[in-house]
>>> print(open('data-v2.pdb').read())   # PDB, C-alpha atoms and all ligand atoms
ATOM      1  CA  MET L   1     138.769  47.045 -24.212  1.00  0.00           C
ATOM      2  CA  THR L   2     135.927  44.735 -23.218  1.00  0.00           C
ATOM      3  CA  VAL L   3     133.326  43.766 -25.787  1.00  0.00           C
ATOM      4  CA  GLU L   4     130.099  45.784 -25.489  1.00  0.00           C
ATOM      5  CA  ALA L   5     128.396  45.088 -28.821  1.00  0.00           C
ATOM      6  CA  LEU L   6     128.367  42.692 -31.773  1.00  0.00           C
ATOM      7  CA  ILE L   7     127.784  43.822 -35.359  1.00  0.00           C
ATOM      8  CA  PHE L   8     126.675  41.233 -37.904  1.00  0.00           C
ATOM      9  CA  ASP L   9     126.806  41.250 -41.657  1.00  0.00           C
ATOM     10  CA  VAL L  10     123.614  39.674 -43.075  1.00  0.00           C
ATOM     11  CA  ASP L  11     124.071  37.882 -46.415  1.00  0.00           C
ATOM     12  CA  GLY L  12     126.346  34.876 -46.064  1.00  0.00           C
ATOM     13  CA  THR L  13     126.936  35.496 -42.353  1.00  0.00           C
ATOM     14  CA  LEU L  14     123.522  35.048 -40.704  1.00  0.00           C
ATOM     15  CA  ALA L  15     122.387  32.622 -43.425  1.00  0.00           C
ATOM     16  CA  GLU L  16     123.442  31.285 -46.832  1.00  0.00           C
ATOM     17  CA  THR L  17     121.221  33.757 -48.683  1.00  0.00           C
ATOM     18  CA  GLU L  18     123.181  34.330 -51.883  1.00  0.00           C
ATOM     19  CA  GLU L  19     121.715  31.385 -53.826  1.00  0.00           C
ATOM     20  CA  LEU L  20     118.241  32.811 -53.134  1.00  0.00           C
ATOM     21  CA  HIS L  21     119.438  36.269 -54.238  1.00  0.00           C
ATOM     22  CA  ARG L  22     120.789  34.694 -57.440  1.00  0.00           C
ATOM     23  CA  ARG L  23     117.474  32.976 -58.168  1.00  0.00           C
ATOM     24  CA  ALA L  24     115.563  36.193 -57.470  1.00  0.00           C
ATOM     25  CA  PHE L  25     117.813  38.164 -59.852  1.00  0.00           C
ATOM     26  CA  ASN L  26     117.265  35.569 -62.597  1.00  0.00           C
ATOM     27  CA  ALA L  27     113.485  35.519 -62.038  1.00  0.00           C
ATOM     28  CA  ALA L  28     113.384  39.338 -62.248  1.00  0.00           C
ATOM     29  CA  PHE L  29     115.434  39.274 -65.470  1.00  0.00           C
ATOM     30  CA  ALA L  30     113.049  36.712 -67.009  1.00  0.00           C
ATOM     31  CA  GLN L  31     109.978  38.756 -66.022  1.00  0.00           C
ATOM     32  CA  ALA L  32     111.566  41.837 -67.605  1.00  0.00           C
ATOM     33  CA  GLY L  33     112.160  39.951 -70.855  1.00  0.00           C
ATOM     34  CA  LEU L  34     115.947  39.980 -70.459  1.00  0.00           C
ATOM     35  CA  ASP L  35     117.827  36.897 -71.607  1.00  0.00           C
ATOM     36  CA  TRP L  36     120.305  37.060 -68.695  1.00  0.00           C
ATOM     37  CA  ASP L  37     120.731  33.951 -66.581  1.00  0.00           C
ATOM     38  CA  TRP L  38     123.395  34.286 -63.902  1.00  0.00           C
ATOM     39  CA  SER L  39     125.035  30.892 -63.287  1.00  0.00           C
ATOM     40  CA  ALA L  40     126.510  30.168 -59.843  1.00  0.00           C
ATOM     41  CA  ASP L  41     130.031  30.620 -61.269  1.00  0.00           C
ATOM     42  CA  LEU L  42     129.175  33.972 -62.862  1.00  0.00           C
ATOM     43  CA  TYR L  43     127.383  35.096 -59.694  1.00  0.00           C
ATOM     44  CA  ARG L  44     130.475  34.270 -57.592  1.00  0.00           C
ATOM     45  CA  ASP L  45     132.441  36.722 -59.766  1.00  0.00           C
ATOM     46  CA  LEU L  46     129.651  39.312 -59.747  1.00  0.00           C
ATOM     47  CA  LEU L  47     129.572  39.255 -55.936  1.00  0.00           C
ATOM     48  CA  ARG L  48     132.820  41.238 -56.029  1.00  0.00           C
ATOM     49  CA  THR L  49     130.464  44.174 -56.663  1.00  0.00           C
ATOM     50  CA  THR L  50     128.425  44.740 -53.502  1.00  0.00           C
ATOM     51  CA  GLY L  51     124.803  45.865 -53.785  1.00  0.00           C
ATOM     52  CA  GLY L  52     122.220  44.463 -56.176  1.00  0.00           C
ATOM     53  CA  LYS L  53     121.747  47.616 -58.276  1.00  0.00           C
ATOM     54  CA  GLU L  54     125.505  48.063 -58.528  1.00  0.00           C
ATOM     55  CA  ARG L  55     125.855  44.355 -59.453  1.00  0.00           C
ATOM     56  CA  ILE L  56     123.339  44.694 -62.296  1.00  0.00           C
ATOM     57  CA  ALA L  57     125.185  47.799 -63.541  1.00  0.00           C
ATOM     58  CA  ALA L  58     128.532  45.965 -63.338  1.00  0.00           C
ATOM     59  CA  HIS L  59     127.095  43.064 -65.361  1.00  0.00           C
ATOM     60  CA  LEU L  60     125.700  45.491 -67.925  1.00  0.00           C
ATOM     61  CA  ALA L  61     129.061  47.262 -68.209  1.00  0.00           C
ATOM     62  CA  GLY L  62     130.757  43.930 -68.942  1.00  0.00           C
ATOM     63  CA  LEU L  63     128.395  42.940 -71.772  1.00  0.00           C
ATOM     64  CA  PRO L  64     129.431  43.340 -75.405  1.00  0.00           C
ATOM     65  CA  GLN L  65     128.093  46.632 -76.783  1.00  0.00           C
ATOM     66  CA  GLY L  66     125.434  47.048 -79.412  1.00  0.00           C
ATOM     67  CA  GLY L  67     121.839  46.237 -80.135  1.00  0.00           C
ATOM     68  CA  SER L  68     120.744  44.471 -76.978  1.00  0.00           C
ATOM     69  CA  ALA L  69     117.665  45.752 -75.132  1.00  0.00           C
ATOM     70  CA  ALA L  70     119.650  45.346 -71.931  1.00  0.00           C
ATOM     71  CA  ALA L  71     122.232  47.882 -73.083  1.00  0.00           C
ATOM     72  CA  ALA L  72     119.528  50.551 -72.919  1.00  0.00           C
ATOM     73  CA  LEU L  73     118.921  50.120 -69.179  1.00  0.00           C
ATOM     74  CA  ASP L  74     119.417  53.418 -67.375  1.00  0.00           C
ATOM     75  CA  ALA L  75     119.651  53.973 -63.615  1.00  0.00           C
ATOM     76  CA  ALA L  76     115.852  54.201 -63.218  1.00  0.00           C
ATOM     77  CA  ALA L  77     115.325  50.952 -65.132  1.00  0.00           C
ATOM     78  CA  ILE L  78     117.994  49.218 -63.048  1.00  0.00           C
ATOM     79  CA  ALA L  79     116.296  50.454 -59.866  1.00  0.00           C
ATOM     80  CA  ALA L  80     112.915  49.141 -61.080  1.00  0.00           C
ATOM     81  CA  LEU L  81     114.431  45.788 -62.009  1.00  0.00           C
ATOM     82  CA  HIS L  82     116.047  45.600 -58.577  1.00  0.00           C
ATOM     83  CA  ARG L  83     112.758  46.454 -56.821  1.00  0.00           C
ATOM     84  CA  ARG L  84     111.170  43.522 -58.653  1.00  0.00           C
ATOM     85  CA  LYS L  85     114.072  41.321 -57.556  1.00  0.00           C
ATOM     86  CA  THR L  86     113.572  42.419 -53.936  1.00  0.00           C
ATOM     87  CA  ASP L  87     109.854  41.497 -54.114  1.00  0.00           C
ATOM     88  CA  LEU L  88     110.682  38.090 -55.568  1.00  0.00           C
ATOM     89  CA  TYR L  89     113.388  37.507 -52.940  1.00  0.00           C
ATOM     90  CA  GLY L  90     110.919  38.362 -50.170  1.00  0.00           C
ATOM     91  CA  ALA L  91     108.372  35.907 -51.563  1.00  0.00           C
ATOM     92  CA  MET L  92     110.994  33.138 -51.869  1.00  0.00           C
ATOM     93  CA  MET L  93     112.240  33.842 -48.343  1.00  0.00           C
ATOM     94  CA  ALA L  94     108.679  33.659 -46.985  1.00  0.00           C
ATOM     95  CA  GLU L  95     108.482  30.075 -48.237  1.00  0.00           C
ATOM     96  CA  GLY L  96     110.903  29.314 -45.407  1.00  0.00           C
ATOM     97  CA  ALA L  97     113.605  27.616 -47.448  1.00  0.00           C
ATOM     98  CA  LEU L  98     116.504  29.069 -45.458  1.00  0.00           C
ATOM     99  CA  SER L  99     117.804  28.507 -41.957  1.00  0.00           C
ATOM    100  CA  LEU L 100     120.380  30.406 -39.912  1.00  0.00           C
ATOM    101  CA  ARG L 101     124.011  29.299 -40.133  1.00  0.00           C
ATOM    102  CA  PRO L 102     125.243  27.090 -37.259  1.00  0.00           C
ATOM    103  CA  GLY L 103     125.800  29.020 -34.041  1.00  0.00           C
ATOM    104  CA  VAL L 104     124.140  32.254 -35.172  1.00  0.00           C
ATOM    105  CA  ARG L 105     120.945  31.785 -33.143  1.00  0.00           C
ATOM    106  CA  GLU L 106     122.938  30.793 -30.053  1.00  0.00           C
ATOM    107  CA  VAL L 107     125.398  33.713 -30.306  1.00  0.00           C
ATOM    108  CA  VAL L 108     122.579  36.253 -30.703  1.00  0.00           C
ATOM    109  CA  GLU L 109     120.660  34.696 -27.810  1.00  0.00           C
ATOM    110  CA  ALA L 110     123.751  34.658 -25.563  1.00  0.00           C
ATOM    111  CA  ALA L 111     124.569  38.257 -26.499  1.00  0.00           C
ATOM    112  CA  ARG L 112     121.074  39.387 -25.550  1.00  0.00           C
ATOM    113  CA  GLY L 113     121.313  37.472 -22.299  1.00  0.00           C
ATOM    114  CA  ALA L 114     124.668  39.096 -21.531  1.00  0.00           C
ATOM    115  CA  GLY L 115     123.284  42.580 -22.254  1.00  0.00           C
ATOM    116  CA  LEU L 116     125.525  43.245 -25.264  1.00  0.00           C
ATOM    117  CA  GLY L 117     124.435  45.666 -27.978  1.00  0.00           C
ATOM    118  CA  LEU L 118     123.441  43.993 -31.255  1.00  0.00           C
ATOM    119  CA  ALA L 119     123.589  45.535 -34.719  1.00  0.00           C
ATOM    120  CA  LEU L 120     123.321  44.584 -38.379  1.00  0.00           C
ATOM    121  CA  ALA L 121     125.581  46.247 -40.965  1.00  0.00           C
ATOM    122  CA  THR L 122     124.522  45.079 -44.393  1.00  0.00           C
ATOM    123  CA  THR L 123     124.715  45.925 -48.061  1.00  0.00           C
ATOM    124  CA  THR L 124     121.234  44.633 -48.692  1.00  0.00           C
ATOM    125  CA  SER L 125     117.952  46.467 -48.032  1.00  0.00           C
ATOM    126  CA  PRO L 126     115.952  46.739 -44.784  1.00  0.00           C
ATOM    127  CA  ALA L 127     113.140  44.829 -46.576  1.00  0.00           C
ATOM    128  CA  ASN L 128     115.436  41.855 -47.166  1.00  0.00           C
ATOM    129  CA  VAL L 129     116.662  41.988 -43.559  1.00  0.00           C
ATOM    130  CA  GLU L 130     113.037  41.827 -42.366  1.00  0.00           C
ATOM    131  CA  ALA L 131     112.282  38.942 -44.725  1.00  0.00           C
ATOM    132  CA  LEU L 132     115.222  36.920 -43.389  1.00  0.00           C
ATOM    133  CA  VAL L 133     114.632  37.628 -39.687  1.00  0.00           C
ATOM    134  CA  GLN L 134     110.886  36.940 -39.972  1.00  0.00           C
ATOM    135  CA  SER L 135     111.482  33.705 -41.856  1.00  0.00           C
ATOM    136  CA  THR L 136     114.187  32.386 -39.489  1.00  0.00           C
ATOM    137  CA  TRP L 137     113.470  33.905 -36.054  1.00  0.00           C
ATOM    138  CA  GLY L 138     109.757  34.610 -36.611  1.00  0.00           C
ATOM    139  CA  CYS L 139     109.911  38.166 -35.238  1.00  0.00           C
ATOM    140  CA  PRO L 140     110.697  41.682 -36.523  1.00  0.00           C
ATOM    141  CA  ALA L 141     114.413  42.466 -36.897  1.00  0.00           C
ATOM    142  CA  ARG L 142     114.177  45.292 -34.362  1.00  0.00           C
ATOM    143  CA  ALA L 143     112.974  42.830 -31.715  1.00  0.00           C
ATOM    144  CA  LEU L 144     116.462  41.310 -31.781  1.00  0.00           C
ATOM    145  CA  PHE L 145     118.807  43.963 -33.129  1.00  0.00           C
ATOM    146  CA  ASP L 146     119.127  47.419 -31.538  1.00  0.00           C
ATOM    147  CA  VAL L 147     120.525  48.887 -34.747  1.00  0.00           C
ATOM    148  CA  ILE L 148     120.101  48.144 -38.448  1.00  0.00           C
ATOM    149  CA  ALA L 149     122.413  49.958 -40.873  1.00  0.00           C
ATOM    150  CA  ALA L 150     121.741  49.262 -44.563  1.00  0.00           C
ATOM    151  CA  GLY L 151     123.664  49.828 -47.778  1.00  0.00           C
ATOM    152  CA  ASP L 152     121.457  52.493 -49.344  1.00  0.00           C
ATOM    153  CA  GLU L 153     121.699  54.652 -46.197  1.00  0.00           C
ATOM    154  CA  VAL L 154     125.372  55.395 -46.813  1.00  0.00           C
ATOM    155  CA  ALA L 155     127.386  57.009 -49.604  1.00  0.00           C
ATOM    156  CA  ALA L 156     129.624  54.027 -50.334  1.00  0.00           C
ATOM    157  CA  LYS L 157     128.928  50.307 -49.901  1.00  0.00           C
ATOM    158  CA  LYS L 158     131.403  47.706 -48.599  1.00  0.00           C
ATOM    159  CA  PRO L 159     134.444  47.502 -48.844  1.00  0.00           C
ATOM    160  CA  ALA L 160     134.057  51.161 -47.762  1.00  0.00           C
ATOM    161  CA  PRO L 161     133.688  51.433 -43.967  1.00  0.00           C
ATOM    162  CA  ASP L 162     130.577  53.666 -44.159  1.00  0.00           C
ATOM    163  CA  VAL L 163     127.906  51.144 -43.147  1.00  0.00           C
ATOM    164  CA  TYR L 164     129.989  50.005 -40.147  1.00  0.00           C
ATOM    165  CA  ARG L 165     130.594  53.609 -39.102  1.00  0.00           C
ATOM    166  CA  LEU L 166     126.833  54.205 -39.282  1.00  0.00           C
ATOM    167  CA  ALA L 167     126.165  51.126 -37.142  1.00  0.00           C
ATOM    168  CA  LEU L 168     128.755  52.286 -34.557  1.00  0.00           C
ATOM    169  CA  GLU L 169     127.257  55.783 -34.481  1.00  0.00           C
ATOM    170  CA  ARG L 170     123.760  54.351 -33.903  1.00  0.00           C
ATOM    171  CA  LEU L 171     125.067  51.967 -31.245  1.00  0.00           C
ATOM    172  CA  GLY L 172     126.823  54.900 -29.570  1.00  0.00           C
ATOM    173  CA  ARG L 173     129.920  52.799 -28.994  1.00  0.00           C
ATOM    174  CA  PRO L 174     133.544  53.033 -30.170  1.00  0.00           C
ATOM    175  CA  ALA L 175     134.913  50.490 -32.649  1.00  0.00           C
ATOM    176  CA  ALA L 176     137.296  49.165 -30.005  1.00  0.00           C
ATOM    177  CA  ALA L 177     134.326  47.987 -27.912  1.00  0.00           C
ATOM    178  CA  CYS L 178     132.716  45.999 -30.732  1.00  0.00           C
ATOM    179  CA  ILE L 179     133.337  42.875 -32.794  1.00  0.00           C
ATOM    180  CA  ALA L 180     132.110  42.414 -36.381  1.00  0.00           C
ATOM    181  CA  PHE L 181     131.063  39.162 -38.074  1.00  0.00           C
ATOM    182  CA  GLU L 182     131.596  38.804 -41.811  1.00  0.00           C
ATOM    183  CA  ASP L 183     131.721  36.174 -44.546  1.00  0.00           C
ATOM    184  CA  SER L 184     133.321  38.067 -47.445  1.00  0.00           C
ATOM    185  CA  ARG L 185     136.532  39.903 -48.272  1.00  0.00           C
ATOM    186  CA  ASN L 186     134.622  43.114 -49.031  1.00  0.00           C
ATOM    187  CA  GLY L 187     132.918  42.849 -45.650  1.00  0.00           C
ATOM    188  CA  VAL L 188     136.110  42.103 -43.726  1.00  0.00           C
ATOM    189  CA  LEU L 189     137.841  45.086 -45.374  1.00  0.00           C
ATOM    190  CA  ALA L 190     134.876  47.359 -44.539  1.00  0.00           C
ATOM    191  CA  ALA L 191     134.827  46.350 -40.876  1.00  0.00           C
ATOM    192  CA  ARG L 192     138.618  46.607 -40.512  1.00  0.00           C
ATOM    193  CA  ALA L 193     138.594  50.052 -42.151  1.00  0.00           C
ATOM    194  CA  ALA L 194     136.063  51.127 -39.520  1.00  0.00           C
ATOM    195  CA  GLY L 195     138.530  49.998 -36.826  1.00  0.00           C
ATOM    196  CA  LEU L 196     136.677  46.842 -35.796  1.00  0.00           C
ATOM    197  CA  ARG L 197     137.989  43.435 -34.849  1.00  0.00           C
ATOM    198  CA  VAL L 198     136.490  40.865 -37.222  1.00  0.00           C
ATOM    199  CA  VAL L 199     135.444  37.225 -37.025  1.00  0.00           C
ATOM    200  CA  ALA L 200     135.246  35.764 -40.548  1.00  0.00           C
ATOM    201  CA  THR L 201     133.039  32.741 -41.279  1.00  0.00           C
ATOM    202  CA  PRO L 202     133.412  31.978 -45.011  1.00  0.00           C
ATOM    203  CA  ALA L 203     130.145  31.129 -46.787  1.00  0.00           C
ATOM    204  CA  ILE L 204     129.442  28.964 -49.838  1.00  0.00           C
ATOM    205  CA  PHE L 205     129.917  31.880 -52.252  1.00  0.00           C
ATOM    206  CA  THR L 206     132.924  33.387 -50.409  1.00  0.00           C
ATOM    207  CA  ALA L 207     134.918  30.279 -49.399  1.00  0.00           C
ATOM    208  CA  HIS L 208     137.517  31.011 -52.119  1.00  0.00           C
ATOM    209  CA  GLU L 209     138.108  34.617 -51.007  1.00  0.00           C
ATOM    210  CA  ASP L 210     141.130  35.980 -49.134  1.00  0.00           C
ATOM    211  CA  LEU L 211     139.820  36.619 -45.614  1.00  0.00           C
ATOM    212  CA  SER L 212     143.276  36.959 -44.052  1.00  0.00           C
ATOM    213  CA  ASP L 213     142.580  40.530 -42.893  1.00  0.00           C
ATOM    214  CA  ALA L 214     140.120  39.145 -40.336  1.00  0.00           C
ATOM    215  CA  ASP L 215     141.303  38.689 -36.738  1.00  0.00           C
ATOM    216  CA  TRP L 216     139.748  35.233 -36.540  1.00  0.00           C
ATOM    217  CA  ARG L 217     138.630  32.783 -39.240  1.00  0.00           C
ATOM    218  CA  LEU L 218     136.102  30.171 -38.115  1.00  0.00           C
ATOM    219  CA  ALA L 219     134.148  27.533 -40.051  1.00  0.00           C
ATOM    220  CA  SER L 220     131.029  28.539 -38.127  1.00  0.00           C
ATOM    221  CA  LEU L 221     129.870  30.433 -35.031  1.00  0.00           C
ATOM    222  CA  ASP L 222     129.314  27.237 -33.049  1.00  0.00           C
ATOM    223  CA  LEU L 223     129.775  28.333 -29.426  1.00  0.00           C
ATOM    224  CA  PRO L 224     132.640  25.940 -28.511  1.00  0.00           C
ATOM    225  CA  HIS L 225     134.784  27.337 -31.341  1.00  0.00           C
ATOM    226  CA  LEU L 226     134.425  31.033 -30.522  1.00  0.00           C
ATOM    227  CA  PRO L 227     137.557  32.954 -29.503  1.00  0.00           C
ATOM    228  CA  ALA L 228     138.074  33.351 -25.740  1.00  0.00           C
ATOM    229  CA  ILE L 229     137.351  37.099 -25.745  1.00  0.00           C
ATOM    230  CA  LEU L 230     133.940  36.432 -27.266  1.00  0.00           C
ATOM    231  CA  ARG L 231     133.085  33.498 -25.019  1.00  0.00           C
ATOM    232  CA  GLN L 232     133.941  35.724 -22.056  1.00  0.00           C
ATOM    233  CA  ALA L 233     131.748  38.590 -23.326  1.00  0.00           C
ATOM    234  CA  LEU L 234     128.887  36.133 -23.865  1.00  0.00           C
ATOM    235  CA  GLY L 235     129.243  34.805 -20.323  1.00  0.00           C
ATOM    236  CA  LEU L 236     130.274  31.355 -21.559  1.00  0.00           C
ATOM    237  CA  ALA L 237     133.848  31.200 -20.286  1.00  0.00           C
TER     238      ALA L 237
HETATM  239  C1  LIG W   1     125.663  41.187 -49.770  1.00  0.00           C
HETATM  240  C2  LIG W   1     125.392  41.945 -50.997  1.00  0.00           C
HETATM  241  C3  LIG W   1     124.000  42.149 -51.440  1.00  0.00           C
HETATM  242  C4  LIG W   1     123.257  40.872 -51.785  1.00  0.00           C
HETATM  243  C5  LIG W   1     122.029  41.168 -52.601  1.00  0.00           C
HETATM  244  O1  LIG W   1     125.713  42.125 -48.746  1.00  0.00           O
HETATM  245  O2  LIG W   1     126.310  42.411 -51.623  1.00  0.00           O
HETATM  246  O3  LIG W   1     124.060  42.979 -52.557  1.00  0.00           O
HETATM  247  O4  LIG W   1     124.086  40.045 -52.584  1.00  0.00           O
HETATM  248  O5  LIG W   1     121.180  42.066 -51.953  1.00  0.00           O
HETATM  249  P1  LIG W   1     126.038  41.797 -47.185  1.00  0.00           P
HETATM  250  P2  LIG W   1     120.571  43.357 -52.713  1.00  0.00           P
HETATM  251  O6  LIG W   1     126.763  40.479 -47.138  1.00  0.00           O
HETATM  252  O7  LIG W   1     126.871  42.963 -46.752  1.00  0.00           O
HETATM  253  O8  LIG W   1     124.715  41.768 -46.470  1.00  0.00           O
HETATM  254  O9  LIG W   1     120.148  42.891 -54.074  1.00  0.00           O
HETATM  255  O10 LIG W   1     119.425  43.809 -51.841  1.00  0.00           O
HETATM  256  O11 LIG W   1     121.688  44.364 -52.774  1.00  0.00           O
HETATM  257 MG    MG W   2     128.069  38.977 -46.507  1.00  0.00          MG
END
>>> encode(input="data-v2.pdb", output="structure tokens")
Amino acid sequence: MTVEALIFDVDGTLAETEELHRRAFNAAFAQAGLDWDWSADLYRDLLRTTGGKERIAAHLAGLPQGGSAAAALDAAAIAALHRRKTDLYGAMMAEGALSLRPGVREVVEAARGAGLGLALATTTSPANVEALVQSTWGCPARALFDVIAAGDEVAAKKPAPDVYRLALERLGRPAAACIAFEDSRNGVLAARAAGLRVVATPAIFTAHEDLSDADWRLASLDLPHLPAILRQALGLA
């Protein structure tokens, strides 16, 4: 089946955002008076849990029991902590520290020129999607992407296929007519479980992961390295 739409993961795929997420988590912890400081190595492990609220809960569950103020965090407190983290992330993103990964801008531009559908299927929040697109492209996300499907809109986050199924439903296209772009094992598994073909571009925090379930593994989305089916769909072949 010919390619009619492209569905992009956000964190790690459009840009190397996870270091900024890590810093925002740590800043939120400090503001809340928690003595947590997630190192890059710890954060790499914690990324196995998708979703910021779920990641905080997973960290909490792994801490030794007893006495700590952190141990008393309930779901509402975790949600409040995560809202603070989202605000801090947005402010850091607005400083313009991040750029898109190589090839991303060109692929999105070529896809728009070729009349392909464009969607985002992400575990992060719509607010963080807006922050990234505004900071890198300088326009609202909906000016570029026909569909945005976010983690909190579905019952189960990646590696469950839910967010990809939601994106497909909103695109009004079958999985066989779309290609997904992912950087992580959880993301690749989610897209494959939704019946999509997947291009994997490992990111700094996911380079060690097993991405062998992807149909293609590329260092970046630089146009000359794209698979033939994609170059054809983009009008480049
Ligand atoms: C990556 C995630 C997110 C981010 C943090 O999702 O798992 O949780 O690490 O964002 P994806 P939040 O690659 O699918 O975009 O704190 O907003 O969850
Ligand atoms: Mg990702």
>>> residues_around(input="data-v2.pdb", residues="stretch 39-48 of chain L", least_positions_apart="5", cutoff="9 Å", atoms="only C-alpha atoms", output="list in words")
Glu18, Glu19, Arg22, Arg55, Ile56, Ala58, His59, Arg185, Asn186, Phe205 and Thr206 of chain L
>>> atom_distance(input="data-v2.pdb", atom1="atom CA of L:Ser125", atom2="atom CA of L:Leu196")
22.4 Å
>>> residues_around(input="data-v2.pdb", residues="stretch 207-216 of chain L", least_positions_apart="5", cutoff="10 Å", atoms="all atoms listed in the file", output="PyMOL selection string")
chain L and resi 44+48+179-189+191-192+196-202+226-227
>>> write_last_selection(input="data-v2.pdb", atoms="C-alpha atoms", output="PDB file, in the frame of the given file")
ATOM      1  CA  ARG L  44     130.475  34.270 -57.592  1.00  0.00           C
ATOM      2  CA  ARG L  48     132.820  41.238 -56.029  1.00  0.00           C
ATOM      3  CA  ILE L 179     133.337  42.875 -32.794  1.00  0.00           C
ATOM      4  CA  ALA L 180     132.110  42.414 -36.381  1.00  0.00           C
ATOM      5  CA  PHE L 181     131.063  39.162 -38.074  1.00  0.00           C
ATOM      6  CA  GLU L 182     131.596  38.804 -41.811  1.00  0.00           C
ATOM      7  CA  ASP L 183     131.721  36.174 -44.546  1.00  0.00           C
ATOM      8  CA  SER L 184     133.321  38.067 -47.445  1.00  0.00           C
ATOM      9  CA  ARG L 185     136.532  39.903 -48.272  1.00  0.00           C
ATOM     10  CA  ASN L 186     134.622  43.114 -49.031  1.00  0.00           C
ATOM     11  CA  GLY L 187     132.918  42.849 -45.650  1.00  0.00           C
ATOM     12  CA  VAL L 188     136.110  42.103 -43.726  1.00  0.00           C
ATOM     13  CA  LEU L 189     137.841  45.086 -45.374  1.00  0.00           C
ATOM     14  CA  ALA L 191     134.827  46.350 -40.876  1.00  0.00           C
ATOM     15  CA  ARG L 192     138.618  46.607 -40.512  1.00  0.00           C
ATOM     16  CA  LEU L 196     136.677  46.842 -35.796  1.00  0.00           C
ATOM     17  CA  ARG L 197     137.989  43.435 -34.849  1.00  0.00           C
ATOM     18  CA  VAL L 198     136.490  40.865 -37.222  1.00  0.00           C
ATOM     19  CA  VAL L 199     135.444  37.225 -37.025  1.00  0.00           C
ATOM     20  CA  ALA L 200     135.246  35.764 -40.548  1.00  0.00           C
ATOM     21  CA  THR L 201     133.039  32.741 -41.279  1.00  0.00           C
ATOM     22  CA  PRO L 202     133.412  31.978 -45.011  1.00  0.00           C
ATOM     23  CA  LEU L 226     134.425  31.033 -30.522  1.00  0.00           C
ATOM     24  CA  PRO L 227     137.557  32.954 -29.503  1.00  0.00           C
TER      25      PRO L 227
END
>>> closest_residue(input="data-v2.pdb", among="L:Ala30, L:Ala233, L:Leu14, L:Met92", to="ligand MG 2 (chain W)", atoms="only C-alpha atoms and all ligand atoms")
L:Leu14
>>> residues_around(input="data-v2.pdb", residues="stretch 76-82 of chain L", least_positions_apart="3", cutoff="8 Å", atoms="all atoms listed in the file", output="list in words")
Phe25, Ala28, Phe29, Ala32, Gly52, Lys53, Ile56, Ala57, Leu73, Lys85 and Thr86 of chain L
>>> resolve_selection(input="data-v2.pdb", expression="the PyMOL selection byres (((chain L and resi 147) around 8) and not hetatm)", output="count of residues only")
11
>>> residues_near_ligand(input="data-v2.pdb", ligand="ligand LIG 1 (chain W)", cutoff="6 Å", atoms="only C-alpha atoms and all ligand atoms", output="PyMOL selection string")
chain L and resi 9-12+18+21+50-52+122-125
>>> atom_distance(input="data-v2.pdb", atom1="atom CA of L:Arg83", atom2="atom CA of L:Glu153")
16.1 Å
>>> residues_around(input="data-v2.pdb", residues="L:Met93", least_positions_apart="4", cutoff="7 Å", atoms="all atoms listed in the file", output="PyMOL selection string")
chain L and resi 89+97+131-132+135
>>> closest_residue(input="data-v2.pdb", among="L:Ile204, L:Ala94, L:Val133, L:Leu116", to="ligand MG 2 (chain W)", atoms="all atoms listed in the file")
L:Ile204
>>> closest_residue(input="data-v2.pdb", among="L:Leu168, L:Ala203, L:Ala228, L:Ala175", to="L:Arg101", atoms="all atoms listed in the file")
L:Ala203
>>> closest_residue(input="data-v2.pdb", among="L:Arg84, L:Gly96, L:Leu60, L:Pro102", to="L:Ala219", atoms="all atoms listed in the file")
L:Pro102
>>> closest_residue(input="data-v2.pdb", among="L:Ala15, L:Leu34, L:Leu236, L:Val154", to="ligand MG 2 (chain W)", atoms="all atoms listed in the file")
L:Ala15
>>> atom_distance(input="data-v2.pdb", atom1="atom CA of L:Arg231", atom2="atom CA of L:Gly172")
22.8 Å
